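J.: model-v8.cif is reproduced in full below (mmCIF, C-alpha atoms).
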data_target
#
loop_
_atom_site.group_PDB
_atom_site.id
_atom_site.type_symbol
_atom_site.label_atom_id
_atom_site.label_comp_id
_atom_site.auth_asym_id
_atom_site.auth_seq_id
_atom_site.Cartn_x
_atom_site.Cartn_y
_atom_site.Cartn_z
ATOM 1 C CA MET A 57 -46.023 -50.755 221.556
ATOM 2 C CA LYS A 58 -42.483 -49.406 221.853
ATOM 3 C CA ARG A 59 -40.439 -48.176 218.916
ATOM 4 C CA LEU A 60 -36.645 -48.402 218.664
ATOM 5 C CA LEU A 61 -34.767 -46.093 216.308
ATOM 6 C CA ARG A 62 -31.393 -47.620 215.502
ATOM 7 C CA ILE A 63 -28.749 -45.436 213.878
ATOM 8 C CA ASP A 64 -25.494 -46.934 212.573
ATOM 9 C CA CYS A 65 -22.696 -44.825 211.151
ATOM 10 C CA SER A 66 -19.573 -46.976 210.789
ATOM 11 C CA SER A 67 -18.077 -46.875 207.302
ATOM 12 C CA ARG A 68 -17.501 -50.616 207.685
ATOM 13 C CA ILE A 69 -20.647 -52.432 206.633
ATOM 14 C CA THR A 70 -19.092 -55.776 207.570
ATOM 15 C CA GLY A 71 -16.536 -56.355 210.314
ATOM 16 C CA SER A 72 -17.727 -53.354 212.294
ATOM 17 C CA HIS A 73 -17.436 -53.716 216.060
ATOM 18 C CA SER A 74 -19.923 -50.919 216.784
ATOM 19 C CA ARG A 75 -22.515 -52.493 214.464
ATOM 20 C CA THR A 76 -21.982 -55.919 216.044
ATOM 21 C CA LEU A 77 -22.510 -54.422 219.485
ATOM 22 C CA ALA A 78 -25.686 -52.718 218.263
ATOM 23 C CA ASP A 79 -26.853 -56.060 216.819
ATOM 24 C CA TYR A 80 -26.553 -57.604 220.279
ATOM 25 C CA PHE A 81 -28.455 -54.728 221.908
ATOM 26 C CA GLU A 82 -31.188 -54.893 219.261
ATOM 27 C CA LYS A 83 -31.596 -58.645 219.775
ATOM 28 C CA GLU A 84 -31.983 -58.213 223.527
ATOM 29 C CA TRP A 85 -34.363 -55.257 223.060
ATOM 30 C CA LYS A 86 -36.578 -57.350 220.754
ATOM 31 C CA LEU A 87 -36.663 -60.202 223.265
ATOM 32 C CA ARG A 88 -38.014 -57.836 225.888
ATOM 33 C CA ASN A 89 -40.268 -55.943 223.471
ATOM 34 C CA PRO A 90 -41.717 -58.729 221.286
ATOM 35 C CA ASN A 91 -44.392 -56.414 219.916
ATOM 36 C CA GLY A 92 -41.977 -53.543 219.406
ATOM 37 C CA THR A 93 -41.117 -51.863 216.111
ATOM 38 C CA LEU A 94 -37.629 -51.214 214.733
ATOM 39 C CA ILE A 95 -36.828 -48.129 212.673
ATOM 40 C CA TYR A 96 -33.403 -48.476 211.056
ATOM 41 C CA ARG A 97 -31.206 -45.759 209.598
ATOM 42 C CA ASP A 98 -27.780 -46.645 208.197
ATOM 43 C CA LEU A 99 -25.850 -43.437 207.657
ATOM 44 C CA ALA A 100 -23.132 -45.195 205.660
ATOM 45 C CA LYS A 101 -25.646 -46.503 203.112
ATOM 46 C CA GLN A 102 -27.987 -43.512 203.216
ATOM 47 C CA GLN A 103 -25.594 -40.574 203.023
ATOM 48 C CA LEU A 104 -27.051 -37.340 204.395
ATOM 49 C CA PRO A 105 -25.873 -33.978 203.070
ATOM 50 C CA HIS A 106 -23.939 -31.718 205.365
ATOM 51 C CA ILE A 107 -25.962 -28.754 206.488
ATOM 52 C CA GLN A 108 -26.119 -25.832 204.038
ATOM 53 C CA ASN A 109 -26.690 -22.113 204.513
ATOM 54 C CA ASN A 110 -30.240 -22.190 203.104
ATOM 55 C CA THR A 111 -31.107 -24.945 205.582
ATOM 56 C CA ILE A 112 -29.824 -22.895 208.504
ATOM 57 C CA GLU A 113 -31.808 -19.892 207.280
ATOM 58 C CA GLY A 114 -34.907 -22.072 207.055
ATOM 59 C CA PHE A 115 -34.404 -23.247 210.642
ATOM 60 C CA TYR A 116 -34.723 -19.676 211.872
ATOM 61 C CA THR A 117 -37.524 -18.554 209.549
ATOM 62 C CA PRO A 118 -40.981 -18.298 211.175
ATOM 63 C CA LEU A 119 -43.493 -20.695 209.638
ATOM 64 C CA GLU A 120 -45.633 -17.900 208.174
ATOM 65 C CA TYR A 121 -42.608 -16.586 206.234
ATOM 66 C CA MET A 122 -41.429 -19.922 204.844
ATOM 67 C CA THR A 123 -41.043 -19.896 201.054
ATOM 68 C CA PRO A 124 -41.183 -22.970 198.816
ATOM 69 C CA GLU A 125 -37.385 -22.804 198.698
ATOM 70 C CA SER A 126 -36.959 -22.726 202.476
ATOM 71 C CA LYS A 127 -39.490 -25.539 202.898
ATOM 72 C CA LYS A 128 -37.483 -27.621 200.445
ATOM 73 C CA ALA A 129 -34.247 -26.783 202.269
ATOM 74 C CA THR A 130 -35.664 -27.997 205.588
ATOM 75 C CA ALA A 131 -37.624 -31.004 204.257
ATOM 76 C CA LEU A 132 -34.938 -33.525 205.207
ATOM 77 C CA SER A 133 -34.694 -32.096 208.714
ATOM 78 C CA ASP A 134 -38.486 -32.308 209.033
ATOM 79 C CA GLU A 135 -38.406 -35.968 207.975
ATOM 80 C CA LEU A 136 -35.591 -36.921 210.368
ATOM 81 C CA ILE A 137 -37.145 -35.082 213.302
ATOM 82 C CA LYS A 138 -40.517 -36.746 212.674
ATOM 83 C CA GLU A 139 -38.758 -40.124 212.670
ATOM 84 C CA LEU A 140 -36.860 -39.272 215.864
ATOM 85 C CA LYS A 141 -40.022 -38.102 217.626
ATOM 86 C CA SER A 142 -41.821 -41.327 216.691
ATOM 87 C CA ALA A 143 -39.291 -43.435 218.651
ATOM 88 C CA ASP A 144 -39.357 -44.297 222.345
ATOM 89 C CA ASP A 145 -35.786 -45.616 222.486
ATOM 90 C CA ILE A 146 -32.819 -44.536 220.381
ATOM 91 C CA LEU A 147 -29.804 -46.768 219.779
ATOM 92 C CA ILE A 148 -26.740 -45.085 218.274
ATOM 93 C CA SER A 149 -23.706 -47.135 217.317
ATOM 94 C CA SER A 150 -20.505 -45.258 216.580
ATOM 95 C CA PRO A 151 -16.838 -46.018 216.072
ATOM 96 C CA LEU A 152 -14.229 -43.502 217.187
ATOM 97 C CA TYR A 153 -12.773 -41.683 214.173
ATOM 98 C CA ASN A 154 -9.994 -39.212 214.895
ATOM 99 C CA LEU A 155 -11.071 -38.804 218.532
ATOM 100 C CA ASN A 156 -14.730 -38.104 217.732
ATOM 101 C CA ILE A 157 -17.824 -39.383 215.923
ATOM 102 C CA PRO A 158 -17.875 -40.013 212.145
ATOM 103 C CA SER A 159 -18.865 -37.023 210.016
ATOM 104 C CA ASN A 160 -22.021 -38.766 208.771
ATOM 105 C CA LEU A 161 -23.367 -38.958 212.324
ATOM 106 C CA LYS A 162 -22.493 -35.284 212.855
ATOM 107 C CA ALA A 163 -24.404 -34.484 209.639
ATOM 108 C CA TYR A 164 -27.436 -36.332 211.022
ATOM 109 C CA LEU A 165 -27.285 -34.493 214.345
ATOM 110 C CA ASP A 166 -26.957 -31.132 212.598
ATOM 111 C CA GLN A 167 -30.271 -31.887 210.871
ATOM 112 C CA VAL A 168 -32.196 -32.870 214.011
ATOM 113 C CA VAL A 169 -30.806 -30.456 216.616
ATOM 114 C CA ARG A 170 -33.216 -27.680 215.711
ATOM 115 C CA VAL A 171 -34.610 -24.808 217.724
ATOM 116 C CA GLY A 172 -38.361 -24.986 218.262
ATOM 117 C CA HIS A 173 -38.442 -28.658 217.288
ATOM 118 C CA THR A 174 -36.041 -30.617 219.493
ATOM 119 C CA PHE A 175 -34.853 -27.875 221.846
ATOM 120 C CA ASN A 176 -35.841 -24.365 222.783
ATOM 121 C CA ILE A 177 -34.572 -21.315 224.638
ATOM 122 C CA ASN A 178 -36.024 -19.210 227.448
ATOM 123 C CA GLU A 179 -34.687 -16.713 229.967
ATOM 124 C CA LYS A 180 -32.926 -19.536 231.811
ATOM 125 C CA GLY A 181 -31.180 -20.882 228.707
ATOM 126 C CA TYR A 182 -31.587 -23.986 226.584
ATOM 127 C CA TYR A 183 -34.001 -26.808 227.343
ATOM 128 C CA GLY A 184 -34.801 -30.018 225.491
ATOM 129 C CA LEU A 185 -38.161 -30.920 223.997
ATOM 130 C CA LEU A 186 -37.686 -34.706 223.766
ATOM 131 C CA GLU A 187 -37.709 -35.608 227.444
ATOM 132 C CA ASP A 188 -39.879 -38.702 226.916
ATOM 133 C CA LYS A 189 -37.116 -40.562 225.065
ATOM 134 C CA SER A 190 -34.177 -42.732 226.142
ATOM 135 C CA ALA A 191 -30.897 -43.212 224.306
ATOM 136 C CA TYR A 192 -28.403 -46.061 224.344
ATOM 137 C CA LEU A 193 -24.898 -45.718 222.930
ATOM 138 C CA ALA A 194 -22.810 -48.557 221.492
ATOM 139 C CA THR A 195 -19.302 -47.249 220.873
ATOM 140 C CA ALA A 196 -16.085 -48.861 219.692
ATOM 141 C CA LYS A 197 -12.471 -47.758 219.969
ATOM 142 C CA GLY A 198 -9.307 -49.336 218.634
ATOM 143 C CA GLY A 199 -7.300 -48.522 221.756
ATOM 144 C CA GLN A 200 -7.821 -48.249 225.492
ATOM 145 C CA TYR A 201 -9.080 -44.866 226.692
ATOM 146 C CA LYS A 202 -10.889 -45.124 230.020
ATOM 147 C CA GLY A 203 -8.521 -44.900 232.969
ATOM 148 C CA THR A 204 -5.544 -44.010 230.777
ATOM 149 C CA PHE A 205 -3.900 -40.770 229.653
ATOM 150 C CA MET A 206 -5.917 -41.110 226.404
ATOM 151 C CA GLU A 207 -9.241 -40.578 228.166
ATOM 152 C CA GLU A 208 -8.990 -36.792 227.819
ATOM 153 C CA TYR A 209 -8.775 -37.231 224.033
ATOM 154 C CA ASP A 210 -12.107 -39.063 223.803
ATOM 155 C CA PHE A 211 -14.588 -36.481 222.503
ATOM 156 C CA GLN A 212 -16.954 -39.119 221.095
ATOM 157 C CA GLU A 213 -18.865 -40.194 224.195
ATOM 158 C CA PRO A 214 -18.944 -36.794 225.969
ATOM 159 C CA TYR A 215 -20.226 -35.139 222.787
ATOM 160 C CA LEU A 216 -22.948 -37.721 222.147
ATOM 161 C CA ARG A 217 -24.149 -37.532 225.726
ATOM 162 C CA ALA A 218 -24.145 -33.709 225.697
ATOM 163 C CA ILE A 219 -25.925 -33.251 222.365
ATOM 164 C CA LEU A 220 -28.612 -35.823 223.152
ATOM 165 C CA GLU A 221 -29.292 -34.320 226.565
ATOM 166 C CA HIS A 222 -29.372 -30.888 224.887
ATOM 167 C CA MET A 223 -32.509 -32.211 223.137
ATOM 168 C CA GLY A 224 -33.842 -33.595 226.417
ATOM 169 C CA ILE A 225 -32.976 -37.222 225.557
ATOM 170 C CA LYS A 226 -31.606 -39.074 228.570
ATOM 171 C CA VAL A 227 -28.709 -41.458 227.942
ATOM 172 C CA ARG A 228 -29.766 -44.600 229.842
ATOM 173 C CA GLY A 229 -26.921 -46.846 228.767
ATOM 174 C CA LEU A 230 -23.396 -46.409 227.424
ATOM 175 C CA PHE A 231 -21.707 -49.565 226.153
ATOM 176 C CA SER A 232 -18.132 -48.960 225.101
ATOM 177 C CA LEU A 233 -16.017 -51.649 223.470
ATOM 178 C CA GLU A 234 -12.389 -50.584 223.749
ATOM 179 C CA GLY A 235 -9.232 -52.235 222.493
ATOM 180 C CA THR A 236 -10.737 -53.580 219.268
ATOM 181 C CA SER A 237 -7.245 -53.635 217.711
ATOM 182 C CA GLU A 238 -5.867 -55.772 220.556
ATOM 183 C CA ALA A 239 -6.586 -59.382 219.605
ATOM 184 C CA ASN A 240 -5.495 -60.841 222.944
ATOM 185 C CA THR A 241 -8.176 -59.003 224.931
ATOM 186 C CA LEU A 242 -10.895 -58.297 222.348
ATOM 187 C CA GLU A 243 -13.095 -61.349 222.929
ATOM 188 C CA GLN A 244 -13.111 -60.869 226.698
ATOM 189 C CA ASN A 245 -13.916 -57.179 226.248
ATOM 190 C CA LYS A 246 -16.846 -58.129 223.997
ATOM 191 C CA ARG A 247 -18.211 -60.525 226.597
ATOM 192 C CA ASP A 248 -17.884 -57.875 229.300
ATOM 193 C CA VAL A 249 -19.817 -55.282 227.275
ATOM 194 C CA GLN A 250 -22.504 -57.803 226.310
ATOM 195 C CA SER A 251 -22.843 -58.662 229.997
ATOM 196 C CA ASN A 252 -23.399 -54.973 230.731
ATOM 197 C CA ILE A 253 -26.206 -54.917 228.168
ATOM 198 C CA ASP A 254 -27.754 -57.990 229.770
ATOM 199 C CA GLU A 255 -27.595 -56.328 233.181
ATOM 200 C CA LEU A 256 -29.340 -53.221 231.867
ATOM 201 C CA PHE A 257 -32.305 -55.214 230.592
ATOM 202 C CA LYS A 258 -32.483 -57.309 233.753
ATOM 203 C CA LYS A 259 -32.603 -54.121 235.802
ATOM 204 C CA GLN A 260 -35.324 -52.660 233.580
ATOM 205 C CA ASN A 261 -37.354 -55.863 233.864
ATOM 206 C CA ASN A 262 -37.085 -55.810 237.660
ATOM 207 C CA GLU A 263 -38.167 -52.160 237.783
ATOM 208 C CA SER A 264 -41.216 -52.831 235.591
ATOM 209 C CA ASN A 265 -42.368 -55.868 237.614
#
Kindly return the structure encoded in the file as structure tokens.
T.:
Amino acid sequence: MKRLLRIDCSSRITGSHSRTLADYFEKEWKLRNPNGTLIYRDLAKQQLPHIQNNTIEGFYTPLEYMTPESKKATALSDELIKELKSADDILISSPLYNLNIPSNLKAYLDQVVRVGHTFNINEKGYYGLLEDKSAYLATAKGGQYKGTFMEEYDFQEPYLRAILEHMGIKVRGLFSLEGTSEANTLEQNKRDVQSNIDELFKKQNNESN
């Protein structure tokens, strides 16, 4: 039985294009995984603290030297990593805020990107520990970026792809809804992105048959 971890981060609880796109993906995922389980984390409703010095110190403290204080400082990270490891698929929805991801999503990632737990280091460099997981990204942008001079200012999608793959998580699908502030093209753009989601699941069905 597959498990989907969905993470939303838009400050807009209603009227959010990234959340709506994630809703569509979730619906299609459930149709193809009728016995699957959804784990839902809303970072706008469940605010996570930004990482603190005692948490960082706890990350690099060997288990045998952990004090009650350092265990408390890393308890949230332990919980989030356990949740992440329990999932087969990860769906992250994110709007573009000031050329990058919202700070609440960065706070989440700072808690789960942890040496010895989700990535490690050897003589060849970094390597991920979560190679059995797949990620899907549902992003939204007010303007048009791809294929324009603004593309070089998009740090949202490159960052998400890089940090997930740093943990060994392969990004299997990137669904980007651009031009959300342009009413004349928005509905067609939505249909195009939804069609891309449909095609992904059709392809996966064909590969599994």
J.: Given all atoms listed in the file as the basis, pick out the residue of A:Ser190, A:Ser66, A:Asn178, A:Gln212 nearest to Val227 of chain A.
T.: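 Comparing A:Ser190, A:Ser66, A:Asn178, A:Gln212 against Val227 of chain A, the winner is A:Ser190.
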J.: Quick one: everything within 8 Å of segment 243-254 of chain A, counting only C-alpha atoms, minus sequence neighbours fewer than 5 positions away in the same chain. Send it as a list of chain:residue names.
T.: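 Near neighbours after the sequence-gap exclusion: A:Leu77, A:Tyr80, A:Phe81, A:Glu84, A:Phe231, A:Ser232, A:Leu233, A:Glu234, A:Gly235.
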J.: Quick one: residues within 12 Å of Met206 of chain A, all atoms listed in the file, excluding same-chain residues fewer than 5 positions away - as a PDB file with C-alpha atoms, in the frame of the given file?
T.:
ATOM      1  CA  LEU A 155     -11.071 -38.804 218.532  1.00  0.00           C
ATOM      2  CA  LYS A 197     -12.471 -47.758 219.969  1.00  0.00           C
ATOM      3  CA  GLY A 198      -9.307 -49.336 218.634  1.00  0.00           C
ATOM      4  CA  GLY A 199      -7.300 -48.522 221.756  1.00  0.00           C
ATOM      5  CA  GLN A 200      -7.821 -48.249 225.492  1.00  0.00           C
ATOM      6  CA  TYR A 201      -9.080 -44.866 226.692  1.00  0.00           C
ATOM      7  CA  PHE A 211     -14.588 -36.481 222.503  1.00  0.00           C
ATOM      8  CA  GLU A 234     -12.389 -50.584 223.749  1.00  0.00           C
TER       9      GLU A 234
END
J.: Using all atoms listed in the file, find the one residue out of A:Ser133, A:Ser150, A:Asn262, A:Asn240 that sits nearest to Ile107 of chain A.
T.: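 Checking each of A:Ser133, A:Ser150, A:Asn262, A:Asn240 against Ile107 of chain A, counting all atoms listed in the file, the winner is A:Ser133.
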J.: Please report the interatomic distance between atom CA of Phe257 of chain A and atom CA of His222 of chain A in Å with one decimal.
T.: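 Value for the atom CA of Phe257 of chain A-atom CA of His222 of chain A distance: 25.2 Å.
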J.: Taking all atoms listed in the file into account, which of A:Gln108, A:Leu193, A:Leu165, A:Ser149 comes nearest Ser74 of chain A?
T.: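 Closest residue, counting all atoms listed in the file: A:Ser149.
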J.: Which one is closest to Gly71 of chain A: A:Lys138, A:Tyr121, A:Leu186, A:Thr236? Count all atoms listed in the file.
T.: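 Closest candidate: A:Thr236.
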J.: When you draw a straight line from atom CA of Pro105 of chain A to atom CA of Val168 of chain A, how long is it in Å?
T.: 12.7 Å
J.: Apply the PyMOL selection byres ((chain A and resi 163) around 12) to the structure shown and report the selected residues as a list in words.
T.: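 When the PyMOL selection byres ((chain A and resi 163) around 12) is applied, the selected residues are Cys65, Leu99, Ala100, Gln102, Gln103, Leu104, Pro105, His106, Ile107, Gln108, Leu132, Ser133, Leu136, Ile157, Pro158, Ser159, Asn160, Leu161, Lys162, Tyr164, Leu165, Asp166, Gln167, Val168 and Val169 of chain A.
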J.: Could you check how far atom CA of Asn154 of chain A sits from atom CA of Glu139 of chain A, in Å to one decimal?
T.: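 Atom-to-atom, atom CA of Asn154 of chain A to atom CA of Glu139 of chain A, that is 28.9 Å.
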J.: Give as an MDAnalysis selection string the set of residues within 10 Å of the point (-32.3, -46.2, 211.7), where distances use the file's coordinates and all atoms listed in the file.
T.: chainID A and resid 60:65 94:99 102 136 139:140 146:148
